[in-house]
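Participant: Below you will find the structure I want to go over with you.
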Amino acid sequence: MSIASAVNAQCDLKTKFTASKADFIKSGGDTETRQQTVVLTADKQNVDVIIDGGQDELKGNVTDYVCNFTDANNGTMSFKSEVTDKSGDVRHASFTIETKDGKTTILVEAKEEDTRIRLSVDSSETVK
C-alpha cells in the first residue's frame, strides 16, 4: 500500500470532531465567540451537528465531497449539505474542515445566513 493511499484512507472514515467554542463571523467581519460544545460527525454520506448537548441539531446528506490529506496532520475535507434543524428549517450549507500542523478548524457557511461559523476543534476521533 502506498503512503498516499494510507493517508487518504482517513477520508473514507466517519470522523467525530468536538469543539468547545464557536466564532460567529458576521459579513462585516465582526466576530462573536460563544462558549458552547459543538460535535460534528461526518463521512462521505452524512453530516450530523449537535450543539450544546442537543439543544439544537443539524442533519443532512453530503454532496460534493472532496478530501485530501498529505499526512495525518495536514489536509482538507469539504462538502455541501442541505441540513435540517430540529424545527424543520433547511439550510444549504458548505463545510470546510482544515487540519494544519495537527490543528483542525471547521468553517460552516449557509446561503440563508449572513454569519459564518468557525469551530476550533479540541479533539477528533474516528467512529464506527
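Convention: chains lettered A, B, ... in C-alpha cells order; per-chain residue numbering from 1; ligands numbered from 1 as shown.
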Name the residues in contact with segment 81-95 of chain A at a cut-off of 8 Å, using only C-alpha atoms, excluding same-chain residues fewer than 3 positions from it; report them as a list in words.
Facilitator: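 Those residues are Val47, Asp56, Glu57, Leu58, Lys59, Gly60, Asn61, Val62, Thr63, Ser78, Ile106, Leu107, Val108, Glu109, Ala110, Lys111 and Glu112 of chain A.
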Participant: Put those residues in a file: N, CA, C and O atoms, as a PDB file, in the first residue's frame.
Facilitator:
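File produced: out-v6.pdb:
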```pdb
ATOM      1  N   VAL A  47     -23.825  14.189   7.471  1.00  0.00           N
ATOM      2  CA  VAL A  47     -23.245  15.093   8.463  1.00  0.00           C
ATOM      3  C   VAL A  47     -24.283  15.279   9.563  1.00  0.00           C
ATOM      4  O   VAL A  47     -25.485  15.345   9.304  1.00  0.00           O
ATOM      5  N   ASP A  56     -29.671  22.123  20.015  1.00  0.00           N
ATOM      6  CA  ASP A  56     -30.036  22.197  18.608  1.00  0.00           C
ATOM      7  C   ASP A  56     -29.252  21.127  17.876  1.00  0.00           C
ATOM      8  O   ASP A  56     -28.218  20.655  18.362  1.00  0.00           O
ATOM      9  N   GLU A  57     -29.747  20.723  16.729  1.00  0.00           N
ATOM     10  CA  GLU A  57     -29.095  19.672  15.957  1.00  0.00           C
ATOM     11  C   GLU A  57     -29.378  19.903  14.484  1.00  0.00           C
ATOM     12  O   GLU A  57     -30.475  20.304  14.107  1.00  0.00           O
ATOM     13  N   LEU A  58     -28.370  19.672  13.666  1.00  0.00           N
ATOM     14  CA  LEU A  58     -28.491  19.765  12.216  1.00  0.00           C
ATOM     15  C   LEU A  58     -28.108  18.419  11.625  1.00  0.00           C
ATOM     16  O   LEU A  58     -27.103  17.825  12.034  1.00  0.00           O
ATOM     17  N   LYS A  59     -28.894  17.952  10.649  1.00  0.00           N
ATOM     18  CA  LYS A  59     -28.580  16.686   9.990  1.00  0.00           C
ATOM     19  C   LYS A  59     -28.792  16.851   8.497  1.00  0.00           C
ATOM     20  O   LYS A  59     -29.691  17.587   8.077  1.00  0.00           O
ATOM     21  N   GLY A  60     -27.969  16.165   7.719  1.00  0.00           N
ATOM     22  CA  GLY A  60     -28.152  16.216   6.281  1.00  0.00           C
ATOM     23  C   GLY A  60     -27.322  15.195   5.546  1.00  0.00           C
ATOM     24  O   GLY A  60     -26.426  14.568   6.113  1.00  0.00           O
ATOM     25  N   ASN A  61     -27.630  15.051   4.263  1.00  0.00           N
ATOM     26  CA  ASN A  61     -26.854  14.195   3.373  1.00  0.00           C
ATOM     27  C   ASN A  61     -25.739  15.019   2.753  1.00  0.00           C
ATOM     28  O   ASN A  61     -25.910  16.203   2.479  1.00  0.00           O
ATOM     29  N   VAL A  62     -24.607  14.389   2.528  1.00  0.00           N
ATOM     30  CA  VAL A  62     -23.418  15.056   1.999  1.00  0.00           C
ATOM     31  C   VAL A  62     -23.385  14.960   0.481  1.00  0.00           C
ATOM     32  O   VAL A  62     -23.673  13.915  -0.095  1.00  0.00           O
ATOM     33  N   THR A  63     -23.033  16.094  -0.173  1.00  0.00           N
ATOM     34  CA  THR A  63     -22.778  16.114  -1.612  1.00  0.00           C
ATOM     35  C   THR A  63     -21.448  16.831  -1.845  1.00  0.00           C
ATOM     36  O   THR A  63     -20.922  17.497  -0.942  1.00  0.00           O
ATOM     37  N   SER A  78     -13.920  18.941   2.392  1.00  0.00           N
ATOM     38  CA  SER A  78     -15.004  19.901   2.165  1.00  0.00           C
ATOM     39  C   SER A  78     -16.184  19.169   1.548  1.00  0.00           C
ATOM     40  O   SER A  78     -16.023  18.166   0.854  1.00  0.00           O
ATOM     41  N   ILE A 106     -12.982  24.134  11.565  1.00  0.00           N
ATOM     42  CA  ILE A 106     -14.133  23.870  10.704  1.00  0.00           C
ATOM     43  C   ILE A 106     -14.813  25.191  10.415  1.00  0.00           C
ATOM     44  O   ILE A 106     -15.083  25.964  11.333  1.00  0.00           O
ATOM     45  N   LEU A 107     -15.094  25.456   9.144  1.00  0.00           N
ATOM     46  CA  LEU A 107     -15.836  26.652   8.745  1.00  0.00           C
ATOM     47  C   LEU A 107     -17.157  26.197   8.119  1.00  0.00           C
ATOM     48  O   LEU A 107     -17.166  25.362   7.219  1.00  0.00           O
ATOM     49  N   VAL A 108     -18.267  26.750   8.642  1.00  0.00           N
ATOM     50  CA  VAL A 108     -19.591  26.410   8.146  1.00  0.00           C
ATOM     51  C   VAL A 108     -20.244  27.676   7.611  1.00  0.00           C
ATOM     52  O   VAL A 108     -20.288  28.698   8.303  1.00  0.00           O
ATOM     53  N   GLU A 109     -20.714  27.605   6.371  1.00  0.00           N
ATOM     54  CA  GLU A 109     -21.406  28.731   5.744  1.00  0.00           C
ATOM     55  C   GLU A 109     -22.719  28.225   5.170  1.00  0.00           C
ATOM     56  O   GLU A 109     -22.757  27.136   4.598  1.00  0.00           O
ATOM     57  N   ALA A 110     -23.774  29.021   5.333  1.00  0.00           N
ATOM     58  CA  ALA A 110     -25.083  28.671   4.760  1.00  0.00           C
ATOM     59  C   ALA A 110     -25.580  29.828   3.912  1.00  0.00           C
ATOM     60  O   ALA A 110     -25.458  30.993   4.303  1.00  0.00           O
ATOM     61  N   LYS A 111     -26.154  29.512   2.755  1.00  0.00           N
ATOM     62  CA  LYS A 111     -26.665  30.540   1.850  1.00  0.00           C
ATOM     63  C   LYS A 111     -27.703  31.429   2.525  1.00  0.00           C
ATOM     64  O   LYS A 111     -27.810  32.602   2.222  1.00  0.00           O
ATOM     65  N   GLU A 112     -28.463  30.842   3.450  1.00  0.00           N
ATOM     66  CA  GLU A 112     -29.562  31.560   4.090  1.00  0.00           C
ATOM     67  C   GLU A 112     -29.114  32.452   5.257  1.00  0.00           C
ATOM     68  O   GLU A 112     -29.927  33.170   5.824  1.00  0.00           O
TER      69      GLU A 112
END
```
Participant: Which neighbours of segment 15-25 of chain A fall inside 8 Å, counting only C-alpha atoms, when residues of the same chain fewer than 2 positions from it are skipped, and could you give them as a PyMOL selection string?
Facilitator: chain A and resi 13+27+29-43+115-127
Participant: Quick one: DSSP strand (DSSP E or B) residues in segment 10-55 of chain A, as a PyMOL selection string?
Facilitator: chain A and resi 14-25+31-42+46-51
Participant: Write to file, as a tab-separated table (two decimals), in the first residue's frame, the residues of the selection just made, with N, CA, C and O atoms.
Facilitator:
```
chain	number	residue	atom	x	y	z
A	14	LYS	N	-15.64	7.68	9.04
A	14	LYS	CA	-16.52	8.61	9.73
A	14	LYS	C	-15.72	9.22	10.88
A	14	LYS	O	-15.09	8.50	11.64
A	15	THR	N	-15.75	10.54	10.97
A	15	THR	CA	-14.96	11.23	11.98
A	15	THR	C	-15.85	12.13	12.82
A	15	THR	O	-16.73	12.80	12.30
A	16	LYS	N	-15.58	12.12	14.13
A	16	LYS	CA	-16.30	12.99	15.06
A	16	LYS	C	-15.33	14.07	15.54
A	16	LYS	O	-14.25	13.77	16.05
A	17	PHE	N	-15.73	15.33	15.33
A	17	PHE	CA	-14.95	16.49	15.75
A	17	PHE	C	-15.69	17.17	16.90
A	17	PHE	O	-16.89	17.39	16.82
A	18	THR	N	-14.96	17.54	17.97
A	18	THR	CA	-15.57	18.21	19.10
A	18	THR	C	-14.88	19.54	19.34
A	18	THR	O	-13.65	19.61	19.39
A	19	ALA	N	-15.68	20.60	19.45
A	19	ALA	CA	-15.17	21.95	19.72
A	19	ALA	C	-15.89	22.51	20.93
A	19	ALA	O	-17.07	22.23	21.14
A	20	SER	N	-15.20	23.32	21.74
A	20	SER	CA	-15.81	23.89	22.94
A	20	SER	C	-16.20	25.35	22.76
A	20	SER	O	-16.76	25.95	23.67
A	21	LYS	N	-15.89	25.90	21.59
A	21	LYS	CA	-16.31	27.28	21.32
A	21	LYS	C	-16.58	27.45	19.83
A	21	LYS	O	-16.06	26.71	19.00
A	22	ALA	N	-17.42	28.43	19.55
A	22	ALA	CA	-17.77	28.73	18.16
A	22	ALA	C	-17.65	30.23	17.95
A	22	ALA	O	-18.12	31.02	18.77
A	23	ASP	N	-16.98	30.60	16.86
A	23	ASP	CA	-16.89	32.01	16.46
A	23	ASP	C	-17.93	32.27	15.39
A	23	ASP	O	-17.94	31.60	14.35
A	24	PHE	N	-18.81	33.24	15.64
A	24	PHE	CA	-19.82	33.64	14.68
A	24	PHE	C	-19.31	34.90	13.99
A	24	PHE	O	-19.17	35.94	14.63
A	25	ILE	N	-18.99	34.77	12.70
A	25	ILE	CA	-18.34	35.85	11.95
A	25	ILE	C	-19.38	36.49	11.04
A	25	ILE	O	-19.88	35.86	10.10
A	31	THR	N	-16.87	39.59	14.97
A	31	THR	CA	-16.90	38.21	15.44
A	31	THR	C	-17.42	38.15	16.87
A	31	THR	O	-17.01	38.93	17.72
A	32	GLU	N	-18.33	37.22	17.10
A	32	GLU	CA	-18.83	36.93	18.45
A	32	GLU	C	-18.43	35.50	18.79
A	32	GLU	O	-18.74	34.57	18.04
A	33	THR	N	-17.74	35.31	19.91
A	33	THR	CA	-17.33	33.98	20.34
A	33	THR	C	-18.29	33.49	21.42
A	33	THR	O	-18.59	34.20	22.37
A	34	ARG	N	-18.78	32.27	21.23
A	34	ARG	CA	-19.67	31.65	22.21
A	34	ARG	C	-19.02	30.38	22.74
A	34	ARG	O	-18.52	29.57	21.97
A	35	GLN	N	-19.02	30.25	24.06
A	35	GLN	CA	-18.53	29.03	24.69
A	35	GLN	C	-19.66	28.02	24.68
A	35	GLN	O	-20.60	28.13	25.45
A	36	GLN	N	-19.61	27.10	23.74
A	36	GLN	CA	-20.62	26.05	23.64
A	36	GLN	C	-20.00	24.85	22.96
A	36	GLN	O	-19.17	24.99	22.07
A	37	THR	N	-20.38	23.68	23.41
A	37	THR	CA	-19.85	22.47	22.82
A	37	THR	C	-20.59	22.15	21.52
A	37	THR	O	-21.82	22.14	21.49
A	38	VAL	N	-19.81	21.94	20.48
A	38	VAL	CA	-20.36	21.55	19.18
A	38	VAL	C	-19.67	20.26	18.76
A	38	VAL	O	-18.44	20.18	18.75
A	39	VAL	N	-20.47	19.26	18.45
A	39	VAL	CA	-19.95	17.98	17.98
A	39	VAL	C	-20.42	17.77	16.54
A	39	VAL	O	-21.63	17.75	16.28
A	40	LEU	N	-19.48	17.67	15.62
A	40	LEU	CA	-19.78	17.46	14.21
A	40	LEU	C	-19.26	16.08	13.83
A	40	LEU	O	-18.08	15.79	14.05
A	41	THR	N	-20.14	15.24	13.32
A	41	THR	CA	-19.76	13.91	12.85
A	41	THR	C	-20.05	13.85	11.36
A	41	THR	O	-21.16	14.20	10.92
A	42	ALA	N	-19.06	13.45	10.58
A	42	ALA	CA	-19.22	13.46	9.13
A	42	ALA	C	-18.49	12.29	8.48
A	42	ALA	O	-17.46	11.83	8.97
A	46	ASN	N	-23.10	11.46	5.18
A	46	ASN	CA	-23.93	12.19	6.12
A	46	ASN	C	-23.13	13.14	7.00
A	46	ASN	O	-21.95	12.90	7.26
A	47	VAL	N	-23.82	14.19	7.47
A	47	VAL	CA	-23.25	15.09	8.46
A	47	VAL	C	-24.28	15.28	9.56
A	47	VAL	O	-25.49	15.34	9.30
A	48	ASP	N	-23.79	15.31	10.81
A	48	ASP	CA	-24.65	15.49	11.98
A	48	ASP	C	-23.93	16.47	12.90
A	48	ASP	O	-22.77	16.26	13.26
A	49	VAL	N	-24.62	17.56	13.25
A	49	VAL	CA	-24.04	18.58	14.12
A	49	VAL	C	-24.92	18.69	15.36
A	49	VAL	O	-26.11	18.97	15.25
A	50	ILE	N	-24.34	18.45	16.53
A	50	ILE	CA	-25.07	18.56	17.79
A	50	ILE	C	-24.50	19.74	18.56
A	50	ILE	O	-23.29	19.81	18.81
A	51	ILE	N	-25.37	20.67	18.93
A	51	ILE	CA	-24.97	21.90	19.59
A	51	ILE	C	-25.45	21.88	21.03
A	51	ILE	O	-26.63	21.62	21.29
```
